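File shown: protein-v1.txt. Contents: compact mmCIF, C-alpha atoms.
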```txt
# COMPACT_ATOMS: atom_id res chain seq x y z
CA MET A 144 -8.95 48.68 0.33
CA VAL A 145 -6.78 49.14 -2.76
CA ALA A 146 -4.58 46.20 -3.70
CA GLU A 147 -1.64 45.66 -6.01
CA LEU A 148 -0.29 42.36 -7.32
CA ILE A 149 3.37 41.86 -8.19
CA SER A 150 4.60 38.64 -9.81
CA VAL A 151 8.32 38.07 -9.35
CA GLY A 152 10.46 35.99 -11.69
CA THR A 153 12.61 36.53 -14.74
CA GLU A 154 11.13 33.34 -16.19
CA LEU A 155 7.74 35.08 -16.27
CA LEU A 156 9.12 38.01 -18.24
CA MET A 157 10.74 35.62 -20.71
CA GLY A 158 7.46 33.79 -21.27
CA GLN A 159 8.80 30.48 -19.98
CA ILE A 160 6.01 30.24 -17.38
CA LEU A 161 2.41 31.41 -17.65
CA ASP A 162 1.36 33.64 -14.74
CA THR A 163 -1.97 32.26 -13.51
CA ASN A 164 -1.47 33.54 -9.97
CA ALA A 165 -2.51 37.10 -10.80
CA GLN A 166 -5.78 35.95 -12.34
CA TYR A 167 -6.58 33.74 -9.35
CA LEU A 168 -5.74 36.42 -6.79
CA SER A 169 -7.64 39.14 -8.67
CA ARG A 170 -10.79 37.08 -8.54
CA GLN A 171 -10.33 36.14 -4.90
CA LEU A 172 -9.74 39.72 -3.84
CA SER A 173 -12.62 41.04 -5.92
CA ASP A 174 -14.96 38.62 -4.18
CA MET A 175 -13.73 40.01 -0.88
CA GLY A 176 -14.54 43.58 -1.89
CA ILE A 177 -10.86 44.48 -2.29
CA ARG A 178 -10.14 46.55 -5.40
CA VAL A 179 -7.17 45.41 -7.46
CA LEU A 180 -6.02 48.51 -9.34
CA TYR A 181 -2.50 47.53 -10.36
CA LYS A 182 -0.66 44.44 -11.56
CA SER A 183 2.97 44.10 -12.59
CA THR A 184 5.67 41.54 -13.30
CA ILE A 185 9.32 42.08 -12.45
CA GLY A 186 12.49 40.05 -12.79
CA ASP A 187 14.84 38.91 -10.02
CA ASN A 188 16.73 42.20 -9.93
CA PRO A 189 17.27 44.00 -6.59
CA GLN A 190 17.04 47.56 -7.90
CA ARG A 191 13.95 46.99 -10.01
CA MET A 192 12.29 45.09 -7.18
CA LYS A 193 12.90 47.98 -4.78
CA GLU A 194 11.46 50.44 -7.30
CA ALA A 195 8.38 48.31 -7.87
CA PHE A 196 7.83 47.69 -4.15
CA SER A 197 8.28 51.36 -3.30
CA GLN A 198 5.80 52.47 -5.95
CA ALA A 199 3.29 49.84 -4.79
CA LEU A 200 3.51 51.02 -1.19
CA SER A 201 2.96 54.62 -2.28
CA ARG A 202 -0.38 53.93 -3.96
CA SER A 203 -1.86 50.74 -2.48
CA ASP A 204 -3.02 49.59 0.94
CA LEU A 205 -2.30 45.93 0.20
CA VAL A 206 0.58 44.51 -1.85
CA ILE A 207 0.74 40.81 -2.68
CA THR A 208 3.86 39.32 -4.22
CA THR A 209 4.25 35.79 -5.55
CA GLY A 210 7.56 34.17 -6.43
CA GLY A 211 11.19 34.62 -5.45
CA LEU A 212 11.12 32.59 -2.22
CA GLY A 213 13.32 29.71 -3.34
CA PRO A 214 16.72 28.72 -1.93
CA THR A 215 18.92 30.11 -4.73
CA PRO A 216 20.80 33.45 -4.52
CA ASP A 217 18.46 35.14 -7.02
CA ASP A 218 15.40 34.37 -4.86
CA ILE A 219 15.36 37.63 -2.93
CA THR A 220 11.73 38.74 -2.63
CA LYS A 221 11.59 38.28 1.11
CA GLU A 222 14.95 39.94 1.61
CA MET A 223 13.95 42.97 -0.46
CA TRP A 224 10.69 43.38 1.45
CA ALA A 225 12.48 43.16 4.80
CA GLU A 226 14.82 45.91 3.68
CA MET A 227 11.98 48.04 2.31
CA MET A 228 9.94 47.73 5.52
CA GLY A 229 12.95 48.22 7.81
CA LEU A 230 12.69 44.80 9.40
CA PRO A 231 15.66 42.55 10.26
CA LEU A 232 15.56 38.88 9.26
CA TYR A 233 15.70 36.18 11.90
CA GLU A 234 15.79 32.39 11.76
CA ASP A 235 12.33 31.11 12.61
CA ALA A 236 12.72 27.90 14.60
CA ALA A 237 9.37 26.42 13.55
CA CYS A 238 10.10 27.14 9.87
CA MET A 239 13.51 25.53 10.15
CA GLU A 240 12.06 22.46 11.84
CA ARG A 241 9.45 22.02 9.10
CA LEU A 242 12.06 22.60 6.42
CA GLU A 243 14.41 19.95 7.80
CA ALA A 244 11.55 17.47 8.30
CA ARG A 245 10.40 17.95 4.71
CA PHE A 246 13.97 17.49 3.45
CA GLN A 247 14.27 14.21 5.36
CA THR A 248 11.00 13.01 3.85
CA PHE A 249 12.44 13.26 0.35
CA HIS A 250 16.12 12.64 1.22
CA PRO A 251 16.17 10.37 4.27
CA GLY A 252 19.46 10.22 6.13
CA LYS A 253 21.06 13.08 4.18
CA PRO A 254 21.87 16.46 5.71
CA MET A 255 19.94 19.42 4.31
CA ALA A 256 21.99 21.65 2.03
CA SER A 257 22.98 24.91 3.71
CA ILE A 258 21.53 26.89 0.81
CA ASN A 259 18.03 25.88 1.92
CA ARG A 260 18.42 27.50 5.34
CA LYS A 261 17.65 30.97 3.95
CA GLN A 262 14.06 29.89 3.39
CA ALA A 263 13.51 29.67 7.15
CA PHE A 264 14.53 33.31 7.72
CA MET A 265 11.60 35.69 8.28
CA PRO A 266 11.18 39.46 8.68
CA GLN A 267 10.94 40.39 12.36
CA GLY A 268 7.30 40.70 13.43
CA ALA A 269 5.84 39.09 10.32
CA ILE A 270 3.03 36.53 10.50
CA VAL A 271 4.47 33.28 9.17
CA MET A 272 2.38 31.23 6.72
CA PRO A 273 3.54 27.58 6.63
CA ASN A 274 3.78 25.76 3.31
CA PRO A 275 2.93 22.04 3.53
CA ASN A 276 3.24 21.74 -0.25
CA GLY A 277 6.76 23.09 -0.67
CA THR A 278 9.88 24.32 1.08
CA ALA A 279 9.18 28.07 0.98
CA PRO A 280 6.99 29.47 3.76
CA GLY A 281 5.28 32.80 3.19
CA CYS A 282 4.56 35.68 5.51
CA ILE A 283 2.37 38.72 6.13
CA ILE A 284 3.79 42.08 7.15
CA ASP A 285 1.27 44.49 8.72
CA LYS A 286 3.06 47.75 9.42
CA ASP A 287 2.39 51.48 9.25
CA GLY A 288 -1.02 51.07 7.66
CA LYS A 289 0.29 48.86 4.87
CA ILE A 290 -0.18 45.12 4.42
CA VAL A 291 2.33 43.06 2.45
CA VAL A 292 1.56 39.41 1.67
CA ILE A 293 4.56 37.39 0.46
CA MET A 294 3.85 33.98 -1.09
CA PRO A 295 5.68 31.38 -3.23
CA GLY A 296 5.21 31.29 -7.00
CA PRO A 297 4.08 27.72 -7.79
CA PRO A 298 0.25 27.82 -7.86
CA PHE A 299 -0.12 24.49 -6.03
CA GLU A 300 1.79 26.08 -3.14
CA MET A 301 0.39 29.60 -3.36
CA LYS A 302 -3.35 28.82 -3.56
CA PRO A 303 -3.61 26.70 -0.36
CA MET A 304 -1.46 29.26 1.47
CA PHE A 305 -3.74 32.07 0.40
CA GLU A 306 -6.93 30.16 1.24
CA ASN A 307 -5.77 28.91 4.63
CA HIS A 308 -3.79 31.89 5.92
CA ALA A 309 -3.80 35.09 3.87
CA LYS A 310 -7.52 35.12 3.07
CA PRO A 311 -8.73 34.80 6.70
CA PHE A 312 -6.30 37.56 7.70
CA LEU A 313 -7.51 39.88 4.94
CA TYR A 314 -11.15 39.14 5.78
CA SER A 315 -10.48 40.45 9.28
CA LYS A 316 -9.43 43.75 7.73
CA CYS A 317 -12.46 44.16 5.45
CA ASP A 318 -15.94 45.41 6.24
CA ASP A 319 -17.38 45.24 2.72
CA MET A 320 -17.50 42.30 0.39
CA LEU A 321 -18.48 41.61 -3.19
CA VAL A 322 -20.39 38.45 -4.11
CA SER A 323 -20.71 37.52 -7.78
CA HIS A 324 -22.83 34.97 -9.61
CA PHE A 325 -21.93 34.01 -13.17
CA VAL A 326 -24.71 33.14 -15.60
CA ARG A 327 -23.21 31.15 -18.47
CA ILE A 328 -24.82 31.16 -21.91
CA LEU A 329 -24.48 29.23 -25.17
CA GLY A 330 -26.19 29.75 -28.51
CA MET A 331 -26.56 33.53 -28.15
CA GLY A 332 -23.84 36.05 -28.97
CA GLU A 333 -22.64 38.69 -26.51
CA SER A 334 -24.29 41.54 -28.43
CA ASP A 335 -27.65 39.75 -28.38
CA VAL A 336 -27.28 38.99 -24.68
CA ALA A 337 -26.45 42.63 -23.98
CA ALA A 338 -29.41 43.81 -26.05
CA THR A 339 -31.74 41.47 -24.18
CA LEU A 340 -30.52 42.83 -20.85
CA GLN A 341 -29.85 46.45 -21.89
CA ASP A 342 -32.42 48.09 -19.61
CA LEU A 343 -31.08 46.12 -16.65
CA ILE A 344 -27.53 47.18 -17.53
CA ASP A 345 -28.56 50.83 -17.93
CA GLY A 346 -30.45 50.87 -14.64
CA GLN A 347 -27.95 48.92 -12.56
CA ALA A 348 -27.03 50.03 -9.04
CA ASN A 349 -26.63 47.20 -6.56
CA PRO A 350 -26.30 44.54 -7.82
CA THR A 351 -24.29 45.46 -10.89
CA ILE A 352 -24.50 43.50 -14.13
CA ALA A 353 -22.03 43.09 -17.00
CA THR A 354 -21.54 40.78 -19.98
CA TYR A 355 -18.32 39.01 -21.00
CA ILE A 356 -17.28 36.69 -23.77
CA SER A 357 -14.86 33.78 -23.37
CA THR A 358 -13.46 31.27 -25.83
CA THR A 359 -16.43 28.96 -25.27
CA ASP A 360 -19.40 30.94 -23.96
CA VAL A 361 -20.93 34.26 -22.99
CA GLN A 362 -21.15 35.14 -19.32
CA VAL A 363 -23.30 37.57 -17.37
CA ARG A 364 -21.73 38.60 -14.08
CA ILE A 365 -24.13 39.78 -11.39
CA THR A 366 -22.34 41.32 -8.40
CA ALA A 367 -23.76 42.42 -5.06
CA LYS A 368 -21.92 44.71 -2.67
CA CYS A 369 -22.79 44.27 0.99
CA LYS A 370 -21.47 44.41 4.52
CA ARG A 371 -19.96 41.31 6.02
CA GLY A 372 -22.72 39.18 7.49
CA GLU A 373 -25.37 40.77 5.26
CA ASP A 374 -27.39 38.43 3.02
CA ALA A 375 -25.85 38.87 -0.43
CA GLN A 376 -28.25 36.33 -1.94
CA ALA A 377 -31.19 38.57 -1.10
CA ILE A 378 -29.59 41.33 -3.16
CA LEU A 379 -28.63 39.04 -6.05
CA GLU A 380 -31.76 36.92 -6.36
CA PRO A 381 -34.24 39.35 -8.00
CA MET A 382 -31.76 40.35 -10.72
CA GLU A 383 -30.64 36.76 -11.29
CA LYS A 384 -34.22 35.53 -11.66
CA GLU A 385 -34.96 38.22 -14.23
CA VAL A 386 -31.83 37.43 -16.24
CA LEU A 387 -32.71 33.73 -16.24
CA ARG A 388 -36.29 34.49 -17.27
CA ARG A 389 -35.14 36.53 -20.26
CA LEU A 390 -32.40 34.21 -21.46
CA GLY A 391 -34.26 30.93 -20.92
CA ASP A 392 -32.67 27.76 -22.24
CA TYR A 393 -29.66 29.68 -23.55
CA VAL A 394 -28.43 29.54 -19.94
CA TYR A 395 -26.62 26.30 -19.25
CA GLU A 396 -25.17 27.08 -15.83
CA VAL A 397 -25.20 29.55 -12.97
CA GLY A 398 -21.82 29.09 -11.34
CA GLU A 399 -18.55 27.48 -12.29
CA GLU A 400 -19.57 24.02 -13.55
CA ALA A 401 -18.20 23.21 -17.01
CA LEU A 402 -20.62 22.41 -19.84
CA GLU A 403 -19.47 18.79 -20.09
CA ASP A 404 -20.12 18.34 -16.37
CA VAL A 405 -23.55 19.90 -16.69
CA VAL A 406 -24.45 17.51 -19.52
CA ALA A 407 -23.02 14.50 -17.71
CA ARG A 408 -25.01 15.32 -14.60
CA MET A 409 -28.20 15.79 -16.65
CA LEU A 410 -27.81 12.34 -18.19
CA ILE A 411 -27.13 10.68 -14.84
CA GLU A 412 -30.07 12.43 -13.14
CA ARG A 413 -32.41 11.11 -15.85
CA GLY A 414 -30.90 7.64 -16.01
CA ALA A 415 -30.20 8.22 -19.72
CA THR A 416 -27.41 6.69 -21.79
CA LEU A 417 -25.35 8.09 -24.63
CA SER A 418 -23.34 6.83 -27.59
CA ILE A 419 -21.01 9.10 -29.58
CA ALA A 420 -19.71 8.95 -33.15
CA GLU A 421 -17.21 11.64 -34.00
CA SER A 422 -14.96 12.42 -36.92
CA CYS A 423 -13.25 15.84 -37.02
CA THR A 424 -13.14 16.13 -33.21
CA GLY A 425 -11.03 12.97 -33.06
CA GLY A 426 -12.15 11.82 -29.61
CA TRP A 427 -12.26 15.22 -27.90
CA LEU A 428 -16.01 15.00 -27.38
CA THR A 429 -15.86 11.60 -25.73
CA SER A 430 -12.82 12.64 -23.71
CA ALA A 431 -14.60 15.72 -22.37
CA LEU A 432 -17.40 13.56 -20.95
CA VAL A 433 -15.12 10.79 -19.72
CA ALA A 434 -13.36 13.37 -17.53
CA TYR A 435 -16.54 13.41 -15.42
CA SER A 436 -16.34 11.00 -12.49
CA GLY A 437 -19.13 8.50 -12.99
CA ALA A 438 -19.15 8.71 -16.79
CA SER A 439 -19.64 4.93 -16.93
CA ARG A 440 -23.18 5.47 -15.67
CA PHE A 441 -24.26 7.09 -18.94
CA LEU A 442 -21.62 6.61 -21.65
CA GLN A 443 -22.14 3.46 -23.72
CA GLU A 444 -19.37 4.01 -26.26
CA GLY A 445 -17.43 6.61 -28.19
CA LEU A 446 -16.29 5.86 -31.74
CA VAL A 447 -13.80 7.92 -33.73
CA THR A 448 -14.89 7.09 -37.27
CA TYR A 449 -12.44 9.34 -39.04
CA SER A 450 -12.30 7.68 -42.44
CA ASN A 451 -15.20 6.94 -44.75
CA ALA A 452 -14.42 3.23 -44.44
CA ALA A 453 -14.66 3.46 -40.64
CA LYS A 454 -18.05 5.12 -40.90
CA SER A 455 -19.29 2.25 -43.04
CA ARG A 456 -17.58 -0.50 -41.05
CA HIS A 457 -18.44 0.58 -37.49
CA LEU A 458 -21.63 2.58 -38.01
CA GLN A 459 -23.06 0.58 -40.91
CA ILE A 460 -23.48 3.71 -43.01
CA ASP A 461 -24.08 2.90 -46.67
CA ALA A 462 -21.03 3.88 -48.71
CA SER A 463 -23.33 5.30 -51.39
CA LEU A 464 -24.70 7.83 -48.90
CA ILE A 465 -21.20 9.11 -48.22
CA GLU A 466 -20.34 9.09 -51.93
CA THR A 467 -23.48 11.04 -52.84
CA HIS A 468 -23.46 13.68 -50.11
CA GLY A 469 -19.88 13.64 -48.80
CA ALA A 470 -18.64 12.66 -45.37
CA VAL A 471 -19.22 16.20 -44.17
CA SER A 472 -22.93 16.60 -44.75
CA TYR A 473 -26.32 16.79 -43.10
CA GLU A 474 -27.16 13.29 -44.28
CA VAL A 475 -24.02 11.64 -42.92
CA ALA A 476 -24.23 13.45 -39.57
CA GLN A 477 -27.83 12.26 -39.34
CA ALA A 478 -26.89 8.66 -40.13
CA MET A 479 -23.97 8.74 -37.68
CA ALA A 480 -26.22 9.87 -34.81
CA VAL A 481 -29.02 7.43 -35.62
CA HIS A 482 -26.79 4.39 -36.20
CA SER A 483 -24.64 5.16 -33.15
CA ARG A 484 -27.77 5.12 -31.01
CA THR A 485 -29.39 2.03 -32.51
CA ILE A 486 -26.22 -0.10 -32.64
CA SER A 487 -25.34 0.63 -29.00
CA GLY A 488 -28.89 0.69 -27.64
CA ALA A 489 -28.31 4.07 -26.02
CA ASP A 490 -31.04 6.63 -25.34
CA TYR A 491 -29.13 9.32 -27.23
CA GLY A 492 -26.79 9.20 -30.21
CA LEU A 493 -24.50 12.20 -30.78
CA SER A 494 -22.45 12.77 -33.93
CA VAL A 495 -19.91 15.26 -35.26
CA THR A 496 -18.47 15.48 -38.76
CA GLY A 497 -16.67 18.43 -40.27
CA ILE A 498 -13.66 20.02 -41.93
CA ALA A 499 -11.32 21.13 -39.16
CA GLY A 500 -8.69 22.56 -41.55
CA PRO A 501 -6.50 24.25 -42.38
CA THR A 502 -6.75 22.17 -45.58
CA GLY A 503 -9.55 20.14 -47.10
CA GLY A 504 -12.09 22.90 -47.64
CA THR A 505 -13.91 23.73 -50.88
CA ASP A 506 -16.02 26.65 -52.07
CA GLU A 507 -19.13 24.65 -51.24
CA LYS A 508 -17.80 23.36 -47.91
CA PRO A 509 -15.09 25.68 -46.58
CA VAL A 510 -12.81 24.95 -43.65
CA GLY A 511 -14.85 25.23 -40.45
CA THR A 512 -17.93 23.52 -41.89
CA VAL A 513 -19.33 21.21 -39.21
CA TYR A 514 -22.52 19.15 -38.92
CA ILE A 515 -23.67 17.93 -35.52
CA GLY A 516 -26.49 15.45 -35.00
CA VAL A 517 -28.39 14.15 -31.99
CA ALA A 518 -30.83 11.25 -32.15
CA ASP A 519 -33.30 9.89 -29.62
CA GLU A 520 -36.57 7.96 -29.60
CA HIS A 521 -38.42 10.96 -31.06
CA GLY A 522 -36.20 11.36 -34.10
CA VAL A 523 -32.99 13.10 -35.10
CA GLN A 524 -31.90 16.73 -35.23
CA VAL A 525 -28.91 18.00 -37.24
CA GLU A 526 -27.40 21.48 -37.03
CA HIS A 527 -24.99 23.07 -39.52
CA PHE A 528 -22.18 25.32 -38.22
CA LYS A 529 -19.60 27.49 -39.96
CA PHE A 530 -16.58 28.14 -37.78
CA SER A 531 -13.17 29.70 -38.48
CA SER A 532 -10.04 28.57 -40.30
CA ASP A 533 -8.18 27.56 -37.11
CA ARG A 534 -8.06 23.78 -36.69
CA SER A 535 -7.84 23.58 -32.92
CA ARG A 536 -10.48 26.25 -32.40
CA ASN A 537 -12.83 24.52 -34.84
CA ARG A 538 -12.51 21.21 -33.02
CA GLN A 539 -13.11 22.82 -29.63
CA ARG A 540 -16.14 24.75 -30.88
CA ALA A 541 -17.52 21.56 -32.40
CA VAL A 542 -17.24 19.83 -29.01
CA THR A 543 -18.92 22.74 -27.22
CA ASN A 544 -21.78 22.96 -29.70
CA ALA A 545 -22.31 19.19 -29.70
CA LEU A 546 -22.63 19.16 -25.93
CA ASN A 547 -24.99 22.11 -26.03
CA LEU A 548 -27.16 20.50 -28.72
CA LEU A 549 -27.47 17.40 -26.53
CA ARG A 550 -28.30 19.57 -23.51
CA LEU A 551 -31.08 21.33 -25.38
CA ARG A 552 -32.43 18.00 -26.66
CA ILE A 553 -32.60 16.67 -23.11
CA LEU A 554 -34.47 19.80 -21.99
CA ALA A 555 -36.89 19.44 -24.92
CA ASN A 556 -37.62 15.86 -23.87
CA ASP A 557 -38.18 17.03 -20.30
CA LYS A 558 -40.83 19.42 -21.59
CA LEU A 559 -42.49 16.68 -23.63
CA GLN A 560 -42.71 14.58 -20.48
CA GLY A 561 -43.99 17.49 -18.40
CA ILE A 562 -40.92 17.57 -16.18
CA PRO A 563 -40.66 21.00 -14.46
CA GLN A 564 -37.72 23.10 -15.61
CA LYS A 565 -35.20 24.09 -12.96
```
Any chance you could put this one into structure tokens?
Amino acid sequence: MVAELISVGTELLMGQILDTNAQYLSRQLSDMGIRVLYKSTIGDNPQRMKEAFSQALSRSDLVITTGGLGPTPDDITKEMWAEMMGLPLYEDAACMERLEARFQTFHPGKPMASINRKQAFMPQGAIVMPNPNGTAPGCIIDKDGKIVVIMPGPPFEMKPMFENHAKPFLYSKCDDMLVSHFVRILGMGESDVAATLQDLIDGQANPTIATYISTTDVQVRITAKCKRGEDAQAILEPMEKEVLRRLGDYVYEVGEEALEDVVARMLIERGATLSIAESCTGGWLTSALVAYSGASRFLQEGLVTYSNAAKSRHLQIDASLIETHGAVSYEVAQAMAVHSRTISGADYGLSVTGIAGPTGGTDEKPVGTVYIGVADEHGVQVEHFKFSSDRSRNRQRAVTNALNLLRLRILANDKLQGIPQK
């Protein structure tokens, strides 16, 4: 089945709203074995909408539109589709009842504005998709060998509607499906990952394998194509095991779990505690871990020791050490990690110090210079990184690399204790 996605809204074309719906739907449809070959964005203009809808119907089996289902006169997606498909609009009693009930929930005792009534009108014969998260119901038109799925634009309305209504309907129309596993890697560049897996990539059939790079990591996507009801895991498993064998500890996750969640879970599973001392990241590192529910089980404290005085006052670092080597140095990162651990009594101490930029760099220590340290009962390890000239990117990369350094240290301790690797 060939699919096309159309995002409707002048605000999208003007850049006032980021279109995340297309990305979400592309991934959902791909996992279902539905090929998305076209994507487009159009404004709230009747003529251009008709042209886009007509072209989509001419080349795609499935067309999904998001947006343009509101109560205002320029919200005309549903109306344009009804006209295109030759279907009259009718007032759906159940839609109207839900619409009025929702209005009374937020405006008790007040009559619903007449402008809202248009949202309860549906194309004749369409499958109505209720919207418990908003006022605009969606619908599915299945006619003349074409399927049109019409959904609201706000993601918190669209996603539940797709999951609960559109997805089951589309599943009933599909025989094939695609199942993907994502192997996520840190500490190895995409070219090195590709080189390590090159023979697998060259010889791929089913499953297929491909490498991608994101802002934070490298990913290997392994995708199996199978019939519905067939065991996709049996197809995926041999390839996945070989990829994991070759990449080893560079792999931090198989799936969707974020690095900070992986690290938090590792600490909790081992009953280990952590103390953090950070400078250039300004609290981002601690914040990333605190976002994990249950962070209090492992996080002892997080200190933002931004100034030299703060490093001396809170971490008891000798001012002469900072004066001799500089706040951004191997020696200070080492002291920050060690003192953070010993002062708090945590199992691990993690430190970050660097020059985020865009100012403050020198020839010897340019912008993007970062030192990260991790200390435990066996000693302390410090790594030196050279990032870019972008301040925000440098801080984010420092957080990512600090978490990964801690992850690797935990794995190394597991090996020392003879704990089997997962």
Could you list, with a cut-off of 8 Å and counting only C-alpha atoms, the residues of stretch 261-380 of chain A near stretch 212-219 of chain A, each shown with its nearest atom pair and the distance in Å rounded to one decimal, rows sorted by chain and ascending number, as JSON lines?
```
{"residue": "A:Lys261", "atom": "CA", "partner": "A:Pro214", "partner_atom": "CA", "distance": 6.4}
{"residue": "A:Gln262", "atom": "CA", "partner": "A:Pro214", "partner_atom": "CA", "distance": 6.1}
{"residue": "A:Thr278", "atom": "CA", "partner": "A:Gly213", "partner_atom": "CA", "distance": 7.8}
{"residue": "A:Ala279", "atom": "CA", "partner": "A:Leu212", "partner_atom": "CA", "distance": 5.9}
{"residue": "A:Pro280", "atom": "CA", "partner": "A:Leu212", "partner_atom": "CA", "distance": 7.9}
{"residue": "A:Gly281", "atom": "CA", "partner": "A:Leu212", "partner_atom": "CA", "distance": 8.0}
{"residue": "A:Met294", "atom": "CA", "partner": "A:Leu212", "partner_atom": "CA", "distance": 7.5}
{"residue": "A:Pro295", "atom": "CA", "partner": "A:Leu212", "partner_atom": "CA", "distance": 5.7}
{"residue": "A:Gly296", "atom": "CA", "partner": "A:Leu212", "partner_atom": "CA", "distance": 7.7}
```
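Between A:Val394 and the candidates A:His482, A:Ser472, A:Lys529, A:Arg550, the tightest atom-to-atom separation, counting only C-alpha atoms, involves A:Arg550.
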Using only C-alpha atoms, pick whichever of A:Glu421, A:Arg484, A:Ile293, A:Ala236 has the shortest atom-to-atom distance to A:Ala453.
A:Glu421
Interface rows for stretch 391-418 of chain A against stretch 493-505 of chain A: nearest pair, Å to one decimal, 12 Å, all atoms listed in the file, as a Markdown table:
```
| residue | atom | partner | partner_atom | distance |
| --- | --- | --- | --- | --- |
| A:Thr416 | CA | A:Leu493 | CA | 10.9 |
| A:Leu417 | CA | A:Leu493 | CA | 7.4 |
| A:Ser418 | CA | A:Leu493 | CA | 6.4 |
```
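Between A:Arg191 and the candidates A:Ala225, A:Ile149, A:Leu230, A:Ile284, the tightest atom-to-atom separation, counting only C-alpha atoms, involves A:Ile149.
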Please provide the set of residues having any atom within 10 Å of stretch 171-173 of chain A, restricted to only C-alpha atoms, with same-chain residues fewer than 4 positions apart removed, written as number ranges by chain.
A: 144-146, 165-167, 177-179, 305-306, 310, 313-314, 320-323
Could you check which of A:Glu154, A:Glu385, A:Asp285, A:Glu526 is closest to A:Val271, using all atoms listed in the file?
A:Asp285
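With all atoms listed in the file as the basis for measurement, A:Leu329 is the residue among A:Leu329, A:Met175, A:Leu554, A:Ile207 that approaches A:Arg540 most closely.
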Distance criterion (all atoms listed in the file): nearest to A:Phe196 out of A:Asn164, A:Gln524, A:Asn537, A:Ser150
A:Ser150
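We find atom CA of A:Glu399 and atom CA of A:Ile160 to be spaced 25.2 Å apart.
As for atom CA of A:Asn259 and atom CA of A:Met157, they are spaced 25.7 Å apart.
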Quick one, how far is atom CA of A:Glu243 from atom CA of A:Met255?
6.6 Å
Fewer than 6 positions away in the same chain doesn't count, so skip those; otherwise give me all residues within 12 Å of A:Gly488, counting all atoms listed in the file, as a PyMOL selection string.
chain A and resi 415-419+441-444+480-482+518-520
Would you mind writing stretch 476-486 of chain A with N, CA, C and O atoms, as an mmCIF file, in the frame of the given file?
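As a result, result03.cif now contains:
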```
data_model
loop_
_atom_site.group_PDB
_atom_site.id
_atom_site.type_symbol
_atom_site.label_atom_id
_atom_site.label_comp_id
_atom_site.auth_asym_id
_atom_site.auth_seq_id
_atom_site.Cartn_x
_atom_site.Cartn_y
_atom_site.Cartn_z
ATOM 1 N N ALA A 476 -24.129 13.153 -41.002
ATOM 2 C CA ALA A 476 -24.230 13.450 -39.570
ATOM 3 C C ALA A 476 -25.492 12.819 -38.996
ATOM 4 O O ALA A 476 -25.495 12.276 -37.876
ATOM 5 N N GLN A 477 -26.577 12.866 -39.759
ATOM 6 C CA GLN A 477 -27.830 12.260 -39.340
ATOM 7 C C GLN A 477 -27.676 10.754 -39.180
ATOM 8 O O GLN A 477 -28.083 10.171 -38.152
ATOM 9 N N ALA A 478 -27.064 10.115 -40.184
ATOM 10 C CA ALA A 478 -26.890 8.660 -40.130
ATOM 11 C C ALA A 478 -25.957 8.263 -38.994
ATOM 12 O O ALA A 478 -26.185 7.252 -38.313
ATOM 13 N N MET A 479 -24.904 9.038 -38.767
ATOM 14 C CA MET A 479 -23.970 8.740 -37.680
ATOM 15 C C MET A 479 -24.674 8.754 -36.329
ATOM 16 O O MET A 479 -24.465 7.875 -35.489
ATOM 17 N N ALA A 480 -25.510 9.759 -36.096
ATOM 18 C CA ALA A 480 -26.220 9.870 -34.810
ATOM 19 C C ALA A 480 -27.216 8.731 -34.639
ATOM 20 O O ALA A 480 -27.285 8.086 -33.580
ATOM 21 N N VAL A 481 -27.995 8.467 -35.694
ATOM 22 C CA VAL A 481 -29.020 7.430 -35.620
ATOM 23 C C VAL A 481 -28.399 6.050 -35.436
ATOM 24 O O VAL A 481 -28.809 5.265 -34.559
ATOM 25 N N HIS A 482 -27.399 5.726 -36.265
ATOM 26 C CA HIS A 482 -26.790 4.390 -36.200
ATOM 27 C C HIS A 482 -26.014 4.201 -34.894
ATOM 28 O O HIS A 482 -25.999 3.097 -34.339
ATOM 29 N N SER A 483 -25.358 5.253 -34.420
ATOM 30 C CA SER A 483 -24.640 5.160 -33.150
ATOM 31 C C SER A 483 -25.603 4.781 -32.028
ATOM 32 O O SER A 483 -25.303 3.938 -31.181
ATOM 33 N N ARG A 484 -26.775 5.399 -32.050
ATOM 34 C CA ARG A 484 -27.770 5.120 -31.010
ATOM 35 C C ARG A 484 -28.326 3.709 -31.133
ATOM 36 O O ARG A 484 -28.407 2.960 -30.138
ATOM 37 N N THR A 485 -28.724 3.328 -32.354
ATOM 38 C CA THR A 485 -29.390 2.030 -32.510
ATOM 39 C C THR A 485 -28.430 0.867 -32.311
ATOM 40 O O THR A 485 -28.808 -0.160 -31.727
ATOM 41 N N ILE A 486 -27.195 0.990 -32.785
ATOM 42 C CA ILE A 486 -26.220 -0.100 -32.640
ATOM 43 C C ILE A 486 -25.879 -0.327 -31.172
ATOM 44 O O ILE A 486 -25.757 -1.467 -30.707
#
```
